[in-house]
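Shown next: data-v7.cif, given as mmCIF, C-alpha atoms.
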data_model
loop_
_atom_site.group_PDB
_atom_site.id
_atom_site.type_symbol
_atom_site.label_atom_id
_atom_site.label_comp_id
_atom_site.auth_asym_id
_atom_site.auth_seq_id
_atom_site.Cartn_x
_atom_site.Cartn_y
_atom_site.Cartn_z
ATOM 1 C CA MET A 1 7.720 7.858 4.239
ATOM 2 C CA LEU A 2 10.628 9.759 5.771
ATOM 3 C CA THR A 3 13.278 8.069 7.899
ATOM 4 C CA VAL A 4 15.160 11.263 8.766
ATOM 5 C CA ASP A 5 13.308 13.294 11.390
ATOM 6 C CA PHE A 6 13.537 16.919 10.265
ATOM 7 C CA SER A 7 12.487 18.158 13.694
ATOM 8 C CA ARG A 8 15.817 16.734 14.928
ATOM 9 C CA PHE A 9 17.668 17.577 11.722
ATOM 10 C CA PRO A 10 16.346 21.004 10.707
ATOM 11 C CA LEU A 11 17.038 22.580 7.327
ATOM 12 C CA ALA A 12 17.299 26.283 6.565
ATOM 13 C CA PRO A 13 16.124 27.737 3.238
ATOM 14 C CA GLY A 14 19.063 27.806 0.865
ATOM 15 C CA ASP A 15 20.949 24.947 2.526
ATOM 16 C CA ARG A 16 22.965 22.960 -0.009
ATOM 17 C CA VAL A 17 21.830 19.345 0.415
ATOM 18 C CA LEU A 18 23.199 16.120 -1.053
ATOM 19 C CA ASP A 19 20.838 13.134 -0.898
ATOM 20 C CA LEU A 20 23.325 10.350 -1.572
ATOM 21 C CA GLY A 21 21.826 7.130 -2.873
ATOM 22 C CA CYS A 22 18.515 8.946 -3.142
ATOM 23 C CA GLY A 23 16.574 6.007 -4.575
ATOM 24 C CA ALA A 24 13.023 7.118 -5.345
ATOM 25 C CA GLY A 25 13.800 10.554 -3.877
ATOM 26 C CA ARG A 26 11.693 10.738 -0.720
ATOM 27 C CA HIS A 27 14.178 12.773 1.327
ATOM 28 C CA ALA A 28 15.264 14.882 -1.648
ATOM 29 C CA PHE A 29 11.636 15.897 -2.289
ATOM 30 C CA GLU A 30 11.143 16.901 1.344
ATOM 31 C CA CYS A 31 14.328 19.000 1.333
ATOM 32 C CA TYR A 32 13.171 20.703 -1.874
ATOM 33 C CA ARG A 33 9.821 21.520 -0.271
ATOM 34 C CA ARG A 34 11.721 23.088 2.632
ATOM 35 C CA GLY A 35 13.572 25.480 0.346
ATOM 36 C CA ALA A 36 16.923 23.742 0.043
ATOM 37 C CA GLN A 37 19.256 23.593 -2.953
ATOM 38 C CA VAL A 38 19.103 19.848 -3.472
ATOM 39 C CA VAL A 39 21.270 17.419 -5.394
ATOM 40 C CA ALA A 40 19.811 13.893 -5.558
ATOM 41 C CA LEU A 41 22.443 11.375 -6.620
ATOM 42 C CA ASP A 42 22.113 7.650 -7.277
ATOM 43 C CA ARG A 43 23.891 5.036 -9.405
ATOM 44 C CA ASN A 44 20.545 3.804 -10.775
ATOM 45 C CA GLY A 45 19.910 5.838 -13.908
ATOM 46 C CA GLU A 46 16.276 4.767 -14.215
ATOM 47 C CA GLU A 47 15.442 5.978 -10.714
ATOM 48 C CA ILE A 48 17.318 9.232 -11.289
ATOM 49 C CA ARG A 49 15.246 9.938 -14.404
ATOM 50 C CA GLU A 50 12.060 9.405 -12.370
ATOM 51 C CA VAL A 51 13.328 11.696 -9.601
ATOM 52 C CA ALA A 52 14.094 14.393 -12.197
ATOM 53 C CA LYS A 53 10.525 14.113 -13.526
ATOM 54 C CA TRP A 54 9.115 14.534 -10.032
ATOM 55 C CA PHE A 55 11.335 17.564 -9.372
ATOM 56 C CA ALA A 56 9.979 19.137 -12.567
ATOM 57 C CA ALA A 57 6.392 18.329 -11.567
ATOM 58 C CA MET A 58 6.917 19.827 -8.115
ATOM 59 C CA GLN A 59 8.313 23.020 -9.631
ATOM 60 C CA GLU A 60 5.387 23.284 -12.031
ATOM 61 C CA ALA A 61 2.917 22.733 -9.186
ATOM 62 C CA GLY A 62 4.575 25.404 -7.032
ATOM 63 C CA GLU A 63 5.436 22.934 -4.263
ATOM 64 C CA ALA A 64 8.876 24.420 -3.618
ATOM 65 C CA PRO A 65 9.501 27.969 -2.348
ATOM 66 C CA ALA A 66 11.341 30.637 -4.296
ATOM 67 C CA GLY A 67 15.085 30.079 -4.267
ATOM 68 C CA ALA A 68 14.863 26.307 -3.905
ATOM 69 C CA THR A 69 16.640 24.285 -6.576
ATOM 70 C CA ALA A 70 16.723 20.585 -7.398
ATOM 71 C CA THR A 71 19.061 18.502 -9.533
ATOM 72 C CA ALA A 72 18.971 14.742 -10.113
ATOM 73 C CA MET A 73 22.152 13.086 -11.320
ATOM 74 C CA GLU A 74 23.686 9.657 -11.763
ATOM 75 C CA GLY A 75 26.934 9.092 -9.901
ATOM 76 C CA ASP A 76 29.208 6.912 -7.792
ATOM 77 C CA ALA A 77 29.131 7.292 -4.004
ATOM 78 C CA LEU A 78 32.821 6.373 -3.853
ATOM 79 C CA ALA A 79 33.861 9.093 -6.308
ATOM 80 C CA LEU A 80 31.531 12.045 -5.827
ATOM 81 C CA PRO A 81 31.796 14.622 -8.622
ATOM 82 C CA PHE A 82 31.896 17.629 -6.279
ATOM 83 C CA PRO A 83 34.656 19.810 -4.805
ATOM 84 C CA ASP A 84 35.539 19.689 -1.129
ATOM 85 C CA ASP A 85 33.131 21.465 1.248
ATOM 86 C CA SER A 86 30.329 21.644 -1.362
ATOM 87 C CA PHE A 87 27.343 20.914 0.901
ATOM 88 C CA ASP A 88 25.831 22.117 4.160
ATOM 89 C CA VAL A 89 23.919 18.853 4.636
ATOM 90 C CA VAL A 90 24.395 15.260 3.479
ATOM 91 C CA ILE A 91 21.754 12.540 3.820
ATOM 92 C CA ILE A 92 22.448 8.856 3.172
ATOM 93 C CA SER A 93 19.438 6.690 3.948
ATOM 94 C CA GLU A 94 19.351 2.870 3.763
ATOM 95 C CA VAL A 95 22.413 2.773 1.492
ATOM 96 C CA MET A 96 25.542 1.915 3.472
ATOM 97 C CA GLU A 97 24.419 -1.655 4.166
ATOM 98 C CA HIS A 98 24.671 -2.264 0.397
ATOM 99 C CA ILE A 99 28.218 -0.957 -0.159
ATOM 100 C CA PRO A 100 31.335 -3.070 0.524
ATOM 101 C CA ASP A 101 33.564 -0.032 1.116
ATOM 102 C CA ASP A 102 31.439 1.786 3.669
ATOM 103 C CA LYS A 103 34.483 3.584 5.081
ATOM 104 C CA GLY A 104 35.205 4.931 1.590
ATOM 105 C CA VAL A 105 31.647 6.259 1.322
ATOM 106 C CA LEU A 106 31.924 7.962 4.701
ATOM 107 C CA ALA A 107 35.233 9.534 3.651
ATOM 108 C CA GLU A 108 33.666 10.945 0.470
ATOM 109 C CA MET A 109 30.681 12.332 2.384
ATOM 110 C CA VAL A 110 32.970 14.026 4.882
ATOM 111 C CA ARG A 111 35.069 15.457 2.049
ATOM 112 C CA VAL A 112 32.134 17.169 0.331
ATOM 113 C CA LEU A 113 30.526 18.340 3.597
ATOM 114 C CA ARG A 114 31.604 21.792 4.749
ATOM 115 C CA PRO A 115 33.085 22.218 8.247
ATOM 116 C CA GLY A 116 30.167 22.779 10.597
ATOM 117 C CA GLY A 117 27.846 20.914 8.226
ATOM 118 C CA ARG A 118 25.526 18.107 9.279
ATOM 119 C CA ILE A 119 24.983 14.561 8.119
ATOM 120 C CA ALA A 120 22.170 12.042 8.620
ATOM 121 C CA VAL A 121 22.883 8.324 8.231
ATOM 122 C CA THR A 122 20.182 5.656 8.384
ATOM 123 C CA VAL A 123 20.650 1.875 8.201
ATOM 124 C CA PRO A 124 18.522 -1.166 9.041
ATOM 125 C CA ARG A 125 18.515 -1.754 12.784
ATOM 126 C CA TYR A 126 20.459 -4.755 14.078
ATOM 127 C CA GLY A 127 17.667 -6.713 15.831
ATOM 128 C CA PRO A 128 14.886 -6.557 13.218
ATOM 129 C CA GLU A 129 17.441 -7.073 10.446
ATOM 130 C CA LYS A 130 18.836 -10.200 12.115
ATOM 131 C CA VAL A 131 15.310 -11.648 12.179
ATOM 132 C CA CYS A 132 14.958 -11.002 8.434
ATOM 133 C CA TRP A 133 18.299 -12.683 7.683
ATOM 134 C CA ALA A 134 17.368 -15.669 9.854
ATOM 135 C CA LEU A 135 14.002 -16.116 8.124
ATOM 136 C CA SER A 136 15.154 -15.737 4.529
ATOM 137 C CA ASP A 137 18.407 -16.120 2.632
ATOM 138 C CA ALA A 138 16.727 -14.535 -0.391
ATOM 139 C CA TYR A 139 16.224 -11.330 1.619
ATOM 140 C CA HIS A 140 19.932 -10.549 1.588
ATOM 141 C CA GLU A 141 21.700 -12.998 -0.737
ATOM 142 C CA VAL A 142 20.829 -11.104 -3.912
ATOM 143 C CA GLU A 143 22.835 -8.845 -6.209
ATOM 144 C CA GLY A 144 22.893 -5.372 -4.696
ATOM 145 C CA GLY A 145 21.366 -6.666 -1.448
ATOM 146 C CA HIS A 146 22.355 -6.087 2.143
ATOM 147 C CA ILE A 147 25.879 -7.280 2.827
ATOM 148 C CA ARG A 148 26.186 -6.387 6.517
ATOM 149 C CA ILE A 149 24.139 -5.702 9.630
ATOM 150 C CA TYR A 150 25.264 -2.725 11.695
ATOM 151 C CA ARG A 151 25.261 -2.556 15.433
ATOM 152 C CA ALA A 152 24.547 1.003 16.549
ATOM 153 C CA ASP A 153 27.883 1.408 18.322
ATOM 154 C CA GLU A 154 29.737 0.055 15.268
ATOM 155 C CA LEU A 155 28.168 2.609 12.928
ATOM 156 C CA LEU A 156 28.782 5.470 15.342
ATOM 157 C CA GLU A 157 32.422 4.458 15.741
ATOM 158 C CA LYS A 158 32.919 4.370 11.961
ATOM 159 C CA MET A 159 31.403 7.853 11.757
ATOM 160 C CA ARG A 160 33.811 9.097 14.431
ATOM 161 C CA GLU A 161 36.768 7.491 12.649
ATOM 162 C CA ALA A 162 35.727 9.367 9.495
ATOM 163 C CA GLY A 163 36.002 12.646 11.379
ATOM 164 C CA LEU A 164 32.351 13.199 12.270
ATOM 165 C CA ARG A 165 30.920 14.089 15.667
ATOM 166 C CA PRO A 166 27.638 12.221 16.339
ATOM 167 C CA TYR A 167 25.072 14.207 18.321
ATOM 168 C CA GLY A 168 21.856 12.200 18.272
ATOM 169 C CA THR A 169 20.204 8.905 17.371
ATOM 170 C CA HIS A 170 16.747 7.336 17.232
ATOM 171 C CA HIS A 171 14.817 4.461 15.662
ATOM 172 C CA ALA A 172 12.080 4.634 13.034
ATOM 173 C CA HIS A 173 9.418 2.587 11.218
ATOM 174 C CA ALA A 174 8.494 0.061 13.905
ATOM 175 C CA LEU A 175 5.292 -0.828 12.049
ATOM 176 C CA HIS A 176 7.374 -1.936 9.060
ATOM 177 C CA SER A 177 9.376 -4.574 10.922
ATOM 178 C CA PRO A 178 6.498 -7.117 11.170
ATOM 179 C CA TYR A 179 5.751 -6.591 7.495
ATOM 180 C CA TRP A 180 9.279 -7.595 6.497
ATOM 181 C CA TRP A 181 9.241 -10.524 8.900
ATOM 182 C CA LEU A 182 6.068 -11.755 7.188
ATOM 183 C CA LYS A 183 7.633 -11.176 3.767
ATOM 184 C CA CYS A 184 10.720 -13.150 4.741
ATOM 185 C CA ALA A 185 8.681 -15.958 6.274
ATOM 186 C CA PHE A 186 6.347 -16.381 3.272
ATOM 187 C CA GLY A 187 8.775 -15.465 0.470
ATOM 188 C CA VAL A 188 10.310 -12.093 -0.372
ATOM 189 C CA ASP A 189 9.765 -12.672 -4.093
ATOM 190 C CA LYS A 190 5.993 -12.961 -3.712
ATOM 191 C CA ASP A 191 4.458 -9.551 -4.386
ATOM 192 C CA GLY A 192 1.067 -8.151 -5.272
ATOM 193 C CA ASP A 193 -1.611 -10.771 -5.877
ATOM 194 C CA GLN A 194 1.027 -13.501 -5.551
ATOM 195 C CA ALA A 195 1.719 -12.575 -1.917
ATOM 196 C CA PRO A 196 0.034 -14.654 0.804
ATOM 197 C CA LEU A 197 -2.991 -13.150 2.547
ATOM 198 C CA PRO A 198 -1.149 -12.064 5.745
ATOM 199 C CA VAL A 199 1.413 -10.132 3.677
ATOM 200 C CA ARG A 200 -1.260 -8.472 1.523
ATOM 201 C CA ALA A 201 -3.333 -7.549 4.569
ATOM 202 C CA TYR A 202 -0.391 -6.016 6.411
ATOM 203 C CA HIS A 203 0.666 -4.128 3.296
ATOM 204 C CA LYS A 204 -2.823 -2.589 3.073
ATOM 205 C CA LEU A 205 -2.467 -1.496 6.692
ATOM 206 C CA LEU A 206 0.858 0.209 5.950
ATOM 207 C CA VAL A 207 -0.512 1.994 2.874
ATOM 208 C CA TRP A 208 -3.528 3.172 4.875
ATOM 209 C CA ASP A 209 -1.255 4.384 7.664
ATOM 210 C CA ILE A 210 1.010 6.306 5.252
ATOM 211 C CA MET A 211 -1.935 7.931 3.482
ATOM 212 C CA LYS A 212 -4.157 8.732 6.477
ATOM 213 C CA LYS A 213 -1.622 9.123 9.306
ATOM 214 C CA PRO A 214 -4.173 8.233 12.012
ATOM 215 C CA LEU A 215 -3.372 9.156 15.591
ATOM 216 C CA ALA A 216 -3.643 5.558 16.821
ATOM 217 C CA THR A 217 -0.895 4.206 14.584
ATOM 218 C CA ARG A 218 1.289 7.294 15.111
ATOM 219 C CA VAL A 219 1.122 6.724 18.884
ATOM 220 C CA ALA A 220 1.725 2.987 18.460
ATOM 221 C CA GLU A 221 4.756 3.521 16.262
ATOM 222 C CA ARG A 222 6.314 6.054 18.635
ATOM 223 C CA ALA A 223 5.887 3.565 21.476
ATOM 224 C CA LEU A 224 7.280 0.641 19.481
ATOM 225 C CA ASN A 225 10.193 2.420 17.758
ATOM 226 C CA PRO A 226 12.612 1.951 20.682
ATOM 227 C CA VAL A 227 11.776 -1.774 20.692
ATOM 228 C CA ILE A 228 11.399 -2.908 17.052
ATOM 229 C CA GLY A 229 12.088 0.193 14.954
ATOM 230 C CA LYS A 230 13.190 -1.021 11.494
ATOM 231 C CA SER A 231 15.775 1.744 10.979
ATOM 232 C CA PHE A 232 18.565 3.191 13.093
ATOM 233 C CA VAL A 233 19.154 6.900 12.450
ATOM 234 C CA ALA A 234 22.299 8.800 13.459
ATOM 235 C CA TYR A 235 23.013 12.529 13.149
ATOM 236 C CA ALA A 236 26.478 14.074 13.216
ATOM 237 C CA THR A 237 28.405 17.249 12.454
ATOM 238 C CA LYS A 238 31.723 17.803 10.734
ATOM 239 C CA PRO A 239 33.853 19.765 13.193
ATOM 240 C CA HIS A 240 35.693 22.902 12.155
ATOM 241 C CA ALA A 241 39.421 22.375 11.784
ATOM 242 C CA PRO A 242 41.375 23.735 14.767
ATOM 243 C CA ARG A 243 43.021 27.070 14.132
ATOM 244 C CA GLU A 244 46.791 27.019 14.045
ATOM 245 C CA ASP A 245 48.552 29.291 16.511
ATOM 246 C CA ARG A 246 49.990 32.302 14.829
ATOM 247 C CA ALA A 247 53.400 33.631 15.834
#

Output the structure of this file as structure tokens.
Amino acid sequence: MLTVDFSRFPLAPGDRVLDLGCGAGRHAFECYRRGAQVVALDRNGEEIREVAKWFAAMQEAGEAPAGATATAMEGDALALPFPDDSFDVVIISEVMEHIPDDKGVLAEMVRVLRPGGRIAVTVPRYGPEKVCWALSDAYHEVEGGHIRIYRADELLEKMREAGLRPYGTHHAHALHSPYWWLKCAFGVDKDGDQAPLPVRAYHKLLVWDIMKKPLATRVAERALNPVIGKSFVAYATKPHAPREDRA
């Protein structure tokens, strides 16, 4: 399930891509399939090992075109182990709401992004996220949980302050908002067979939608995204430095 819309954020074969806080690797895998030179980085070593296994399986299955590369590595978003201007593209999806020093993360992303490069940032949307916080303290008051809720204008302003130039936004995953509201209402710690019937039923709907991609739910989600989309997505570029006048 992709949050970044690659029709709005196109990749070229050979683009150097950093998926920062890659988690299970969904965006990194898609970039690899599109021919990019991908680095997937996360602080969770267990997830990184799983991502590395999937990269290897994709290569063996011929899912990535010639020239594409993929590396999974453990690392700290506040101290990226890369030189300045290392990447053409940086993606950070559903990560910044977890990190106290979000300005520090933005500064590091801008540092490793080349001038003219592009960045995609996704965070939980303000309205649906406020509902989750109101329904359940356990949803956010956990170690490594969400520590802030972004308003769209707040996130865009922080991106501008970091030296980025936003050029587009949208919302995604409207069908997932009711699921999380149900989870928060009935208990976020109740999963699988322990989850109440409404949560299990809605989860089956989401799995069916992801697997089958029926037209009806695609149309419904597009219509509902502006209203209850779970994620806010912002795209930006790193401007080229102005040329100094020569005598």

Check your understanding: In Å, how far is it from atom CA of A:Gly21 to atom CA of A:Val95?
Key ->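 We find that atom CA of A:Gly21 and atom CA of A:Val95 lie 6.2 Å from each other.
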
What are the closest atom pairs, with distances in Å to one decimal, for each residue of stretch 86-128 of chain A lying within 10 Å of stretch 223-238 of chain A, using all atoms listed in the file, rows by chain and rising residue number, as a Markdown table?
| residue | atom | partner | partner_atom | distance |
| --- | --- | --- | --- | --- |
| A:Asp88 | CA | A:Lys238 | CA | 9.8 |
| A:Val89 | CA | A:Thr237 | CA | 9.2 |
| A:Ile91 | CA | A:Tyr235 | CA | 9.4 |
| A:Ser93 | CA | A:Val233 | CA | 8.5 |
| A:Glu94 | CA | A:Ser231 | CA | 8.1 |
| A:Val110 | CA | A:Lys238 | CA | 7.1 |
| A:Arg111 | CA | A:Lys238 | CA | 9.6 |
| A:Leu113 | CA | A:Lys238 | CA | 7.3 |
| A:Arg114 | CA | A:Lys238 | CA | 7.2 |
| A:Pro115 | CA | A:Lys238 | CA | 5.2 |
| A:Gly116 | CA | A:Lys238 | CA | 5.2 |
| A:Gly117 | CA | A:Lys238 | CA | 5.6 |
| A:Arg118 | CA | A:Thr237 | CA | 4.4 |
| A:Ile119 | CA | A:Ala236 | CA | 5.3 |
| A:Ala120 | CA | A:Tyr235 | CA | 4.6 |
| A:Val121 | CA | A:Ala234 | CA | 5.3 |
| A:Thr122 | CA | A:Val233 | CA | 4.4 |
| A:Val123 | CA | A:Phe232 | CA | 5.5 |
| A:Pro124 | CA | A:Ser231 | CA | 4.4 |
| A:Arg125 | CA | A:Ser231 | CA | 4.8 |
| A:Tyr126 | CA | A:Phe232 | CA | 8.2 |
| A:Gly127 | CA | A:Ile228 | CA | 7.4 |
| A:Pro128 | CA | A:Lys230 | CA | 6.0 |

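Of the residues under consideration (A:Leu135, A:Leu18, A:Leu156, A:Met73), A:Leu18 shows the shortest atom-to-atom contact distance to A:Glu108 when counting only C-alpha atoms.
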
Point to revise | Test item: the PyMOL selection byres ((chain A and resi 104) around 12) resolved as an MDAnalysis selection string | key: chainID A and resid 76:80 96 99:103 105:111 158:159 161:162

Would you mind exporting C-alpha atoms of the selected residues as an mmCIF file, keeping the file's coordinate frame?
data_model
loop_
_atom_site.group_PDB
_atom_site.id
_atom_site.type_symbol
_atom_site.label_atom_id
_atom_site.label_comp_id
_atom_site.auth_asym_id
_atom_site.auth_seq_id
_atom_site.Cartn_x
_atom_site.Cartn_y
_atom_site.Cartn_z
ATOM 1 C CA ASP A 76 29.208 6.912 -7.792
ATOM 2 C CA ALA A 77 29.131 7.292 -4.004
ATOM 3 C CA LEU A 78 32.821 6.373 -3.853
ATOM 4 C CA ALA A 79 33.861 9.093 -6.308
ATOM 5 C CA LEU A 80 31.531 12.045 -5.827
ATOM 6 C CA MET A 96 25.542 1.915 3.472
ATOM 7 C CA ILE A 99 28.218 -0.957 -0.159
ATOM 8 C CA PRO A 100 31.335 -3.070 0.524
ATOM 9 C CA ASP A 101 33.564 -0.032 1.116
ATOM 10 C CA ASP A 102 31.439 1.786 3.669
ATOM 11 C CA LYS A 103 34.483 3.584 5.081
ATOM 12 C CA VAL A 105 31.647 6.259 1.322
ATOM 13 C CA LEU A 106 31.924 7.962 4.701
ATOM 14 C CA ALA A 107 35.233 9.534 3.651
ATOM 15 C CA GLU A 108 33.666 10.945 0.470
ATOM 16 C CA MET A 109 30.681 12.332 2.384
ATOM 17 C CA VAL A 110 32.970 14.026 4.882
ATOM 18 C CA ARG A 111 35.069 15.457 2.049
ATOM 19 C CA LYS A 158 32.919 4.370 11.961
ATOM 20 C CA MET A 159 31.403 7.853 11.757
ATOM 21 C CA GLU A 161 36.768 7.491 12.649
ATOM 22 C CA ALA A 162 35.727 9.367 9.495
#

Review point. If you apply the PyMOL selection byres ((chain A and resi 144-152) around 6) to this file, what residues do you get, as a PyMOL selection string?
Key: chain A and resi 97-98+126+140+142-143+153-155

Using all atoms of stretch 47-59 of chain A listed in the file and a margin of 3 Å per side, can you give the axis-aligned box centre and edge lengths in Å to one decimal, as lines of an AutoDock Vina configuration file?
center_x = 11.9
center_y = 14.5
center_z = -11.3
size_x = 16.9
size_y = 23.0
size_z = 12.3

Exercise for review: Quick one: apply the PyMOL selection byres ((chain A and resi 41-55) around 10) to the file and drop the selected residues here as a ChimeraX atom specification.
Suggested key: /A:18-26,28-29,32,38-40,56-61,63-64,69-77,80

Review point. To one decimal place, how far is atom CA of A:Thr3 from atom CA of A:Ala195 in Å?
Key: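 Value for the atom CA of A:Thr3-atom CA of A:Ala195 distance: 25.6 Å.
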
Write out N, CA and C atoms for stretch 210-236 of chain A, as a CSV table (one decimal), in the frame of the given file.
chain,number,residue,atom,x,y,z
A,210,ILE,N,0.2,5.3,5.9
A,210,ILE,CA,1.0,6.3,5.3
A,210,ILE,C,0.1,7.4,4.7
A,211,MET,N,-1.0,7.0,4.1
A,211,MET,CA,-1.9,7.9,3.5
A,211,MET,C,-2.7,8.7,4.5
A,212,LYS,N,-3.2,8.1,5.5
A,212,LYS,CA,-4.2,8.7,6.5
A,212,LYS,C,-3.5,9.3,7.7
A,213,LYS,N,-2.4,8.7,8.1
A,213,LYS,CA,-1.6,9.1,9.3
A,213,LYS,C,-2.5,9.2,10.5
A,214,PRO,N,-3.3,8.2,10.9
A,214,PRO,CA,-4.2,8.2,12.0
A,214,PRO,C,-3.4,8.3,13.3
A,215,LEU,N,-4.0,9.0,14.3
A,215,LEU,CA,-3.4,9.2,15.6
A,215,LEU,C,-3.0,7.8,16.2
A,216,ALA,N,-3.9,6.8,16.1
A,216,ALA,CA,-3.6,5.6,16.8
A,216,ALA,C,-2.3,4.9,16.4
A,217,THR,N,-2.1,4.8,15.1
A,217,THR,CA,-0.9,4.2,14.6
A,217,THR,C,0.3,5.1,14.8
A,218,ARG,N,0.2,6.4,14.8
A,218,ARG,CA,1.3,7.3,15.1
A,218,ARG,C,1.8,7.1,16.5
A,219,VAL,N,0.8,7.0,17.5
A,219,VAL,CA,1.1,6.7,18.9
A,219,VAL,C,1.8,5.3,19.0
A,220,ALA,N,1.2,4.3,18.4
A,220,ALA,CA,1.7,3.0,18.5
A,220,ALA,C,3.2,2.9,17.9
A,221,GLU,N,3.4,3.6,16.8
A,221,GLU,CA,4.8,3.5,16.3
A,221,GLU,C,5.8,4.2,17.2
A,222,ARG,N,5.4,5.4,17.7
A,222,ARG,CA,6.3,6.1,18.6
A,222,ARG,C,6.7,5.2,19.8
A,223,ALA,N,5.6,4.4,20.3
A,223,ALA,CA,5.9,3.6,21.5
A,223,ALA,C,6.7,2.4,21.1
A,224,LEU,N,6.6,1.8,19.9
A,224,LEU,CA,7.3,0.6,19.5
A,224,LEU,C,8.6,0.9,18.9
A,225,ASN,N,8.9,2.1,18.4
A,225,ASN,CA,10.2,2.4,17.8
A,225,ASN,C,11.4,2.0,18.6
A,226,PRO,N,11.4,2.3,19.9
A,226,PRO,CA,12.6,2.0,20.7
A,226,PRO,C,12.8,0.4,20.8
A,227,VAL,N,11.7,-0.3,20.5
A,227,VAL,CA,11.8,-1.8,20.7
A,227,VAL,C,12.1,-2.5,19.4
A,228,ILE,N,11.3,-2.2,18.3
A,228,ILE,CA,11.4,-2.9,17.1
A,228,ILE,C,11.5,-2.0,15.9
A,229,GLY,N,11.9,-0.7,16.1
A,229,GLY,CA,12.1,0.2,15.0
A,229,GLY,C,13.0,-0.4,13.9
A,230,LYS,N,12.5,-0.4,12.6
A,230,LYS,CA,13.2,-1.0,11.5
A,230,LYS,C,14.5,-0.3,11.2
A,231,SER,N,14.6,1.0,11.4
A,231,SER,CA,15.8,1.7,11.0
A,231,SER,C,16.4,2.4,12.2
A,232,PHE,N,17.8,2.4,12.1
A,232,PHE,CA,18.6,3.2,13.1
A,232,PHE,C,19.0,4.5,12.4
A,233,VAL,N,18.8,5.6,13.0
A,233,VAL,CA,19.2,6.9,12.4
A,233,VAL,C,20.2,7.6,13.3
A,234,ALA,N,21.2,8.1,12.7
A,234,ALA,CA,22.3,8.8,13.5
A,234,ALA,C,22.6,10.1,12.8
A,235,TYR,N,22.7,11.2,13.6
A,235,TYR,CA,23.0,12.5,13.1
A,235,TYR,C,24.4,12.9,13.7
A,236,ALA,N,25.1,13.7,12.8
A,236,ALA,CA,26.5,14.1,13.2
A,236,ALA,C,26.8,15.4,12.5
